Every structure is written in structure tokens, then in C-alpha cells.
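Just below is one structure, and these are the notes that go with it.
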Amino acid sequence: MNKVVIVTGASRGIGRNIAYNLALNGYSVIANYNNSEQEAIKLKEELNNQGIEIDIFKANVSKRSDVQRLVNFVIEKYRKIDVLINNAGIAQSKLFTDITDEDFEQMLKNNLYSAFYASQEVARYMIREHNGSIINISSMYGKIGASCEVHYSISKAGIDGMTKALAKELGPSNIRVNSIAPGAIDTDMNRFLTDEDWKQIVEETPLMKKGYPIDITRCVKWLIEDEFTTGQVISVDGGMVM
């Protein structure tokens, strides 16, 4: 049987690119979405037109009960989970003194709690099978922080801390846990950036170019196939963070 992969937040941006390309490469993909139903349906239809099946599943992964529904669906259908890709998340630019309790809570729930819940629920099955890979999509700001994105930076730093701790705990069960820290990637989440913003970002990037979702997908594919890398926070950012 093909490897079974759950991708959270898979209807747009990086998550969509990951789900699409893994499906093209023969993986059995479950693409999770919450609000972007039409985008998820388009993803499924686009792959179906190429003769490729993919599951789409609506779940708010910031809620444990929804995560449990998602995991139960996958186990009932496939009897296993080989890979979990924690990609779901939100971003917000706001002065630190203007961040409300609700802003902070929503950021942690969507970015950090979701990864915690999904990893915990999936790990129960991976431990039983003595095999698995958990890949967290973090951010370079989890490493260096971002002005006017304090709560976002906190959530991503938390993901990186969880990655390292979980890698140590699950390693004896042959479960690898890694984090990918993207730099400036051209996605919907960064649509607020102007041409001038991108020009400045490119000038500050050693490779002198911006990133695209496929750059993250290539790293994901490698981490799925690799068998001796765990506990790492891998920068895919054109050299922005060294």
C-alpha cells in the first residue's frame, strides 16, 4: 500500500502544493481544510482529471475533537498513517501593544495547538506501528522573531521546540519529527506585500530571489523518504537565516 499522508491546511498555498505533488508522486493523500471548501474541491477535481484520487476532509484542527474525527476517518479507511504534515496556520501583522487576548489565543490555537493535537493523536498509531514521520511547517521567524508579528513568532518558536522534544521522545519508536522553516514564500498569506516589499526582501536574500511553495514541497518529499534525520529545524529561505 502507498504511504498514507495527512496534510493539514491543504486547500491553499504551501499546503496545497504539498498535497498536490505528493498525490502526483503516488502517495495516498488526505487534504484537510476548514474554511476554503471550494479551493479543496478544486484541488480534488484537478487531480481527479489526471486520474488521481485524493481525500479532502473538513476539520478545524485547532479543536481536538475535529482532529480526532480526521484521524479516525484515515484509520478507518487506510488502517494506518505514515506521515503527518502540520501545515495549517494563520498570520497577522500587528503592533505588540495592540495584540489582544483574542488575537494571541487564536494565533496559538491555529498554529501551535493544532500541531500539538494532530501530532498527539497520530503518534498513538505511529507508535503502535513503530514507524512514522511528522513534519511541521514552521517559519524563519520561529528562529529570529519578527517585528509586529510577536504572537506569530511565539507560535512558530513553540512548534520548533515541540519538534525537538518530540523527536527525542518518539525516536525509539522509529518516528522522525522535523520542522521546515520557510523564508519569504510567494503565497496568498503574503499577498499584502507590495512589489517594493518583495524587491527589498530579494535584495536581503543571499540567493537574490523569493521562494515558492514548490521549494517547501521538495524538502517535505526528502524528509518523507529520508530515514536518518530527526529533530531538525531546516531553513528553506534562500540563505536569509544562517
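In the C-alpha cells, the first chain shown is A, the next is B, and so on; residue numbers restart at 1 for each chain, and ligands run from 1 in the order shown.
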Checklist entry - Which parts of range 182-236 of chain A does DSSP call helix (DSSP H, G or I) when run on the backbone here, written out as a PyMOL selection string? => result chain A and resi 188-190+195-204+213-225
Item to check | Exercise: Thr217 in chain A partners within 9 Å, only C-alpha atoms, chain neighbours under 4 positions left out, as a list in words | outcome: Ile14, Gly15, Asn17, Ile18, Ala19, Asn21, Leu22, Pro213, Lys221 and Trp222 of chain A
Next, dump the selected residues to file, keeping only C-alpha atoms, as a tab-separated table (two decimals), in the first residue's frame.
chain	number	residue	atom	x	y	z
A	14	ILE	CA	2.13	25.71	0.66
A	15	GLY	CA	-0.25	23.03	1.92
A	17	ASN	CA	1.29	22.44	-3.28
A	18	ILE	CA	2.44	19.72	-0.90
A	19	ALA	CA	-0.81	17.75	-1.19
A	21	ASN	CA	2.62	16.99	-5.61
A	22	LEU	CA	2.60	14.13	-3.12
A	213	PRO	CA	5.59	26.64	-2.43
A	221	LYS	CA	9.42	14.92	-0.06
A	222	TRP	CA	13.02	14.48	1.01
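For range 144-161 of chain A, the set of protein, DNA and RNA residues having any atom at most 6 Å away, when counting only C-alpha atoms and skipping those fewer than 4 positions along the same chain, is Ser93, Lys94, Leu95, Phe104, Leu108, Asn111, Leu112 and Ser138 of chain A.
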Item to check | Pick from A:Val177, A:Val29, A:Val71, A:Val7, whichever lies nearest to Val233 in chain A using only C-alpha atoms | outcome: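 For Val233 in chain A, the nearest of the candidates is A:Val177.
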Checklist entry - Can you tell me, as a list in words, what residues are no more than 12 Å from Glu169 in chain A when counting only C-alpha atoms, ignoring any on the same chain fewer than 5 positions away? => result Gln120, Ala123, Ile127, Met162, Thr163, Lys164, Asn174, Ile175, Arg176, Val177, Thr230 and Gly231 of chain A
Item to check | Atomic distance CA of Ile54 in chain A - CA of Tyr212 in chain A, expressed in Å with one decimal | outcome: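 Spanning CA of Ile54 in chain A to CA of Tyr212 in chain A is a straight-line distance of 22.8 Å.
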Item to check | Separation of CA of Glu45 in chain A from CA of Ile90 in chain A in Å | outcome: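 Taking CA of Ile90 in chain A and CA of Glu45 in chain A, their separation equals 25.4 Å.
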Next on the checklist: List the spatial neighbours of Lys42 in chain A as a PyMOL selection string - criterion: any atom at most 12 Å away, only C-alpha atoms, same-chain residues fewer than 3 positions off excluded.
Outcome noted: chain A and resi 10-12+16+20+31+36-39+45-49+54+56
